[in-house]
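Peer 1: For reference, the file upload_11.cif (mmCIF, C-alpha atoms (C1' of nucleotides)) is included below:
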data_data
#
loop_
_atom_site.label_atom_id
_atom_site.label_comp_id
_atom_site.auth_asym_id
_atom_site.auth_seq_id
_atom_site.Cartn_x
_atom_site.Cartn_y
_atom_site.Cartn_z
CA MET A 28 -28.26 1.03 -5.73
CA SER A 29 -24.98 1.15 -3.97
CA LYS A 30 -26.16 3.46 -1.25
CA ASP A 31 -29.57 4.36 0.05
CA TYR A 32 -30.51 7.53 1.85
CA ASP A 33 -33.60 6.66 3.79
CA GLY A 34 -34.99 5.26 0.57
CA LEU A 35 -33.53 7.91 -1.73
CA SER A 36 -30.63 7.30 -4.06
CA GLU A 37 -27.70 9.68 -4.03
CA ALA A 38 -28.75 11.09 -7.39
CA GLU A 39 -32.20 11.77 -6.03
CA LEU A 40 -30.85 13.47 -2.97
CA TYR A 41 -28.48 15.62 -5.00
CA LYS A 42 -31.23 16.48 -7.39
CA LEU A 43 -33.39 17.40 -4.45
CA PHE A 44 -30.77 19.85 -3.22
CA TYR A 45 -30.39 21.32 -6.66
CA ASP A 46 -34.13 21.66 -7.03
CA ILE A 47 -34.41 23.52 -3.75
CA ILE A 48 -31.52 25.80 -4.60
CA ARG A 49 -33.06 26.53 -7.94
CA ASP A 50 -36.20 27.65 -6.13
CA ILE A 51 -34.28 30.42 -4.42
CA PRO A 52 -35.44 33.71 -5.94
CA ALA A 53 -32.93 36.31 -7.01
CA GLY A 54 -32.10 38.88 -4.39
CA LYS A 55 -32.49 36.37 -1.58
CA VAL A 56 -30.22 33.84 0.05
CA ALA A 57 -30.79 30.55 1.84
CA SER A 58 -28.59 28.85 4.39
CA TYR A 59 -27.25 25.31 4.11
CA GLY A 60 -29.34 24.23 7.05
CA GLN A 61 -32.43 25.63 5.36
CA ILE A 62 -31.85 23.59 2.25
CA ALA A 63 -30.92 20.52 4.23
CA LEU A 64 -34.07 20.92 6.24
CA LEU A 65 -36.25 21.30 3.15
CA ALA A 66 -34.59 18.18 1.81
CA ASP A 67 -35.67 16.32 4.95
CA ARG A 68 -32.03 16.06 6.02
CA PRO A 69 -31.50 18.24 9.11
CA ARG A 70 -27.95 18.76 10.38
CA ASP A 71 -26.72 17.66 6.98
CA GLY A 72 -25.56 21.08 5.91
CA ARG A 73 -22.15 19.66 5.17
CA TYR A 74 -23.78 17.35 2.70
CA VAL A 75 -25.35 20.32 0.95
CA GLY A 76 -21.95 21.90 0.63
CA HIS A 77 -20.60 18.81 -1.04
CA ALA A 78 -23.57 18.73 -3.37
CA LEU A 79 -22.74 22.27 -4.42
CA HIS A 80 -19.10 21.50 -4.86
CA ALA A 81 -19.95 18.52 -7.00
CA VAL A 82 -22.38 20.54 -9.07
CA THR A 83 -21.33 21.50 -12.56
CA ASP A 84 -24.65 22.83 -13.76
CA PRO A 85 -24.57 26.61 -14.35
CA SER A 86 -28.31 26.62 -13.69
CA ILE A 87 -27.62 26.09 -10.02
CA PRO A 88 -27.42 29.45 -8.23
CA TRP A 89 -25.04 28.13 -5.58
CA GLN A 90 -24.05 31.70 -4.94
CA ARG A 91 -27.36 32.23 -3.16
CA VAL A 92 -26.43 29.57 -0.64
CA VAL A 93 -24.68 30.95 2.43
CA MET A 94 -23.99 29.81 5.97
CA ALA A 95 -26.53 29.97 8.76
CA SER A 96 -24.89 33.16 10.04
CA GLY A 97 -25.49 34.79 6.70
CA GLU A 98 -21.80 34.74 5.95
CA ILE A 99 -20.57 33.55 2.58
CA ALA A 100 -19.17 30.06 2.66
CA ALA A 101 -15.40 30.03 2.54
CA ARG A 102 -14.16 28.16 -0.50
CA SER A 103 -10.72 26.96 -1.44
CA ASN A 104 -10.47 29.96 -3.73
CA PRO A 105 -10.91 33.24 -1.85
CA GLY A 106 -11.24 35.04 -5.16
CA GLU A 107 -14.40 33.14 -5.93
CA ARG A 108 -15.86 34.22 -2.63
CA GLU A 109 -15.29 37.83 -3.55
CA ARG A 110 -16.92 37.27 -6.91
CA GLN A 111 -19.84 35.60 -5.20
CA GLN A 112 -20.43 38.64 -3.06
CA LYS A 113 -20.38 40.80 -6.14
CA LEU A 114 -22.90 38.55 -7.87
CA LEU A 115 -25.20 38.68 -4.87
CA LYS A 116 -24.92 42.44 -4.76
CA GLN A 117 -25.90 42.58 -8.40
CA GLU A 118 -28.98 40.56 -7.59
CA GLY A 119 -29.98 43.06 -4.95
CA VAL A 120 -28.84 41.23 -1.86
CA GLU A 121 -27.95 43.56 0.99
CA PHE A 122 -24.65 43.13 2.78
CA ILE A 123 -24.14 44.22 6.34
CA ALA A 124 -20.44 43.43 6.04
CA ASP A 125 -17.84 42.52 3.46
CA PHE A 126 -18.88 38.88 3.54
CA GLN A 127 -22.00 39.08 5.62
CA VAL A 128 -25.47 38.98 4.10
CA ASP A 129 -28.43 40.57 5.81
CA MET A 130 -30.47 37.46 6.54
CA GLN A 131 -33.13 39.62 8.13
CA ARG A 132 -33.95 41.23 4.81
CA CYS A 133 -32.64 38.77 2.23
CA GLY A 134 -33.18 35.58 4.18
CA TRP A 135 -35.18 33.37 1.84
CA GLN A 136 -38.37 31.98 3.24
CA LYS A 137 -40.91 29.90 1.41
CA MET A 138 -43.76 32.12 2.49
CA PRO A 139 -43.24 35.58 3.93
CA PRO A 140 -46.23 36.13 6.24
CA ASP A 141 -46.26 39.89 6.38
CA LEU A 142 -44.97 40.64 2.95
CA PHE A 143 -48.16 40.30 0.97
CA GLY A 144 -50.49 41.40 3.67
"C1'" DG B 108 -8.61 -1.14 1.73
"C1'" DT B 109 -8.15 2.89 5.50
"C1'" DT B 110 -7.39 7.73 6.71
"C1'" DT B 111 -8.00 12.67 6.23
"C1'" DT B 112 -10.26 16.56 4.84
"C1'" DG B 113 -14.22 19.32 3.47
"C1'" DA B 114 -18.91 25.25 0.07
"C1'" DC B 115 -21.69 23.34 7.65
"C1'" DA B 116 -25.13 22.88 11.68
"C1'" DT B 117 -26.13 22.36 16.33
"C1'" DT B 118 -25.42 22.08 21.21
"C1'" DG B 119 -22.83 23.06 25.45
"C1'" DA B 120 -19.94 25.98 28.47
"C1'" DG C 22 -22.88 37.36 23.80
"C1'" DT C 23 -18.59 34.34 21.84
"C1'" DC C 24 -15.70 30.06 21.73
"C1'" DA C 25 -15.17 25.06 21.69
"C1'" DA C 26 -16.44 20.39 20.72
"C1'" DT C 27 -19.42 17.00 18.28
"C1'" DG C 28 -22.06 14.94 14.41
"C1'" DC C 29 -23.23 14.23 9.72
"C1'" DC C 30 -21.87 11.95 4.88
"C1'" DA C 31 -19.01 11.84 0.93
"C1'" DA C 32 -14.94 12.42 -2.09
"C1'" DA C 33 -10.04 12.45 -2.47
"C1'" DA C 34 -5.32 10.89 -1.11
#
The structure given in the file should be rewritten as structure tokens.

Peer 2:
Amino acid sequence: MSKDYDGLSEAELYKLFYDIIRDIPAGKVASYGQIALLADRPRDGRYVGHALHAVTDPSIPWQRVVMASGEIAARSNPGERERQQKLLKQEGVEFIADFQVDMQRCGWQKMPPDLFG
DNA sequence: GTTTTGACATTGA
DNA sequence: GTCAATGCCAAAA
């Protein structure tokens, strides 16, 4: 173990992020802080971003991960950002702006209180 | 080996 | 309400 994250190895931490992202249902989006929080790593949103950039697994719906403001994360390739918005739209995610997701409606939450009641 | 940048979040003014 | 500064950790130069 070269590095230890509070007892977790880097692979474990990355896997944890991937696992959480994989749990995001289609048509909904989660923010970096949300994932970082679920991974027991608050304020480590930047770390989540790196985990997504390092990801090469097509099974990881990184497109459903947006910033806390609901805006799509700006990548090095602006074209990819546009494609991401299109993908999210195809999944049913509502956009209040060209690169702004409606977190109020598509904000992913583990358990919507008044959605099944 | 050090330095800089990077798919962000949070707090303060 | 928006704008600015700080903190976090890692990968790349």

Peer 1: Which residues are near DG119 of chain B? Cut-off 12 Å, only C-alpha atoms (C1' of nucleotides), ignore same chain within fewer than 2 positions. Put them as a short mmCIF file (atom, residue, chain, number, x, y, z; two decimals) with C-alpha atoms (C1' of nucleotides), in the coordinates of the input.

Peer 2:
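Output saved as part-v4.cif:
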data_model
loop_
_atom_site.label_atom_id
_atom_site.label_comp_id
_atom_site.auth_asym_id
_atom_site.auth_seq_id
_atom_site.Cartn_x
_atom_site.Cartn_y
_atom_site.Cartn_z
"C1'" DT B 117 -26.13 22.36 16.33
"C1'" DC C 24 -15.70 30.06 21.73
"C1'" DA C 25 -15.17 25.06 21.69
"C1'" DA C 26 -16.44 20.39 20.72
"C1'" DT C 27 -19.42 17.00 18.28
#

Peer 1: Quick one: residues within 8 Å of DC30 of chain C, only C-alpha atoms (C1' of nucleotides), excluding same-chain residues fewer than 2 positions away - as a ChimeraX atom specification?

Peer 2: /A:71,73-74

Peer 1: Evaluate the PyMOL selection byres ((chain A and resi 89) around 10) here and jot the selected residues down as a PyMOL selection string.

Peer 2: (chain A and resi 45+48-49+51+56-57+76+78-80+82+84-88+90-93+111) or (chain B and resi 114)

Peer 1: What do you get, as a PyMOL selection string, if you spell out every residue that the PyMOL selection byres ((chain B and resi 111) around 10) selects here?

Peer 2: (chain B and resi 109-110+112-113) or (chain C and resi 33-34)

Peer 1: Could you write out as a list in words the residues of chain C within 9 Å of chain A, counting only C-alpha atoms (C1' of nucleotides)?

Peer 2: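 Written out as asked, the residues are DG28, DC29, DC30, DA31 and DA32 of chain C.
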
Peer 1: Which is closest to chain B among A:Asp46, A:Ala38, A:Met94, A:Leu65, if we use all atoms listed in the file?

Peer 2: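 For chain B, the nearest of the candidates is A:Met94.
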
Peer 1: Given all atoms listed in the file as the basis, pick out the residue of A:Leu40, A:Ile47, A:Ala95, A:Ala53 nearest to Leu114 of chain A.

Peer 2: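 Using all atoms listed in the file, Leu114 of chain A sits closest to A:Ala53.
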
Peer 1: Distance atom CA of Ser58 of chain A-atom CA of Gly97 of chain A, one decimal place?

Peer 2: 7.1 Å

Peer 1: Report, in Å to a single decimal, how far apart atom CA of Ala100 of chain A and atom C1' of DT118 of chain B are.

Peer 2: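 Atom CA of Ala100 of chain A lies at a distance of 21.1 Å from atom C1' of DT118 of chain B.
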
Peer 1: With all atoms listed in the file as the basis for distance, which of A:Gln136, A:Ser36, A:Gln131, A:Gln61 is at the shortest distance from chain B?

Peer 2: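 For chain B, the nearest of the candidates is A:Gln61.
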
Peer 1: How many Å lie between atom CA of Phe126 of chain A and atom CA of Lys113 of chain A, rounded to one decimal?

Peer 2: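 One can read the atom CA of Phe126 of chain A to atom CA of Lys113 of chain A distance as 10.0 Å.
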
Peer 1: Please write the residues picked by the PyMOL selection byres ((chain A and resi 129) around 12) on this file as a VMD selection string.

Peer 2: chain A and resid 54 to 58 93 to 99 115 to 116 119 to 128 130 to 135

Peer 1: Kindly compute an axis-aligned box around the listed atoms of segment 78-94 of chain A, allowing 6 Å on each side, and express its centre and edge lengths in Å to one decimal as JSON.

Peer 2:
{"center_x": -23.7, "center_y": 25.4, "center_z": -4.2, "size_x": 21.2, "size_y": 25.7, "size_z": 32.3}

Peer 1: Have a look at A:Lys137, A:Ala63, A:Glu37, A:Glu118 and name the one nearest to chain B; count all atoms listed in the file.

Peer 2: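 Comparing A:Lys137, A:Ala63, A:Glu37, A:Glu118 against chain B, the winner is A:Ala63.
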
Peer 1: Missing atoms in segment 63-78 of chain A should be modelled up to N, CA and C atoms and reported as a short mmCIF file (atom, residue, chain, number, x, y, z; two decimals), keeping the file's coordinate frame.

Peer 2:
data_model
loop_
_atom_site.label_atom_id
_atom_site.label_comp_id
_atom_site.auth_asym_id
_atom_site.auth_seq_id
_atom_site.Cartn_x
_atom_site.Cartn_y
_atom_site.Cartn_z
N ALA A 63 -30.97 21.87 3.68
CA ALA A 63 -30.92 20.52 4.23
C ALA A 63 -32.23 20.17 4.90
N LEU A 64 -32.81 21.16 5.55
CA LEU A 64 -34.07 20.92 6.24
C LEU A 64 -35.18 20.67 5.23
N LEU A 65 -35.22 21.47 4.17
CA LEU A 65 -36.25 21.30 3.15
C LEU A 65 -36.07 19.96 2.45
N ALA A 66 -34.86 19.47 2.45
CA ALA A 66 -34.59 18.18 1.81
C ALA A 66 -34.80 17.03 2.79
N ASP A 67 -35.40 17.35 3.94
CA ASP A 67 -35.67 16.32 4.95
C ASP A 67 -34.38 15.73 5.49
N ARG A 68 -33.32 16.55 5.51
CA ARG A 68 -32.03 16.06 6.02
C ARG A 68 -31.43 17.08 6.97
N PRO A 69 -32.01 17.26 8.15
CA PRO A 69 -31.50 18.24 9.11
C PRO A 69 -30.09 17.91 9.57
N ARG A 70 -29.35 18.90 9.94
CA ARG A 70 -27.95 18.76 10.38
C ARG A 70 -27.06 18.19 9.28
N ASP A 71 -27.54 18.19 8.07
CA ASP A 71 -26.72 17.66 6.98
C ASP A 71 -26.24 18.80 6.08
N GLY A 72 -26.02 19.93 6.69
CA GLY A 72 -25.56 21.08 5.91
C GLY A 72 -24.27 20.78 5.17
N ARG A 73 -23.43 19.99 5.81
CA ARG A 73 -22.15 19.66 5.17
C ARG A 73 -22.40 18.90 3.87
N TYR A 74 -23.45 18.10 3.89
CA TYR A 74 -23.78 17.35 2.70
C TYR A 74 -24.19 18.30 1.58
N VAL A 75 -24.94 19.33 1.94
CA VAL A 75 -25.35 20.32 0.95
C VAL A 75 -24.12 20.96 0.32
N GLY A 76 -23.17 21.28 1.14
CA GLY A 76 -21.95 21.90 0.63
C GLY A 76 -21.27 21.01 -0.38
N HIS A 77 -21.24 19.73 -0.10
CA HIS A 77 -20.60 18.81 -1.04
C HIS A 77 -21.41 18.72 -2.32
N ALA A 78 -22.70 18.78 -2.19
CA ALA A 78 -23.57 18.73 -3.37
C ALA A 78 -23.27 19.93 -4.26
#
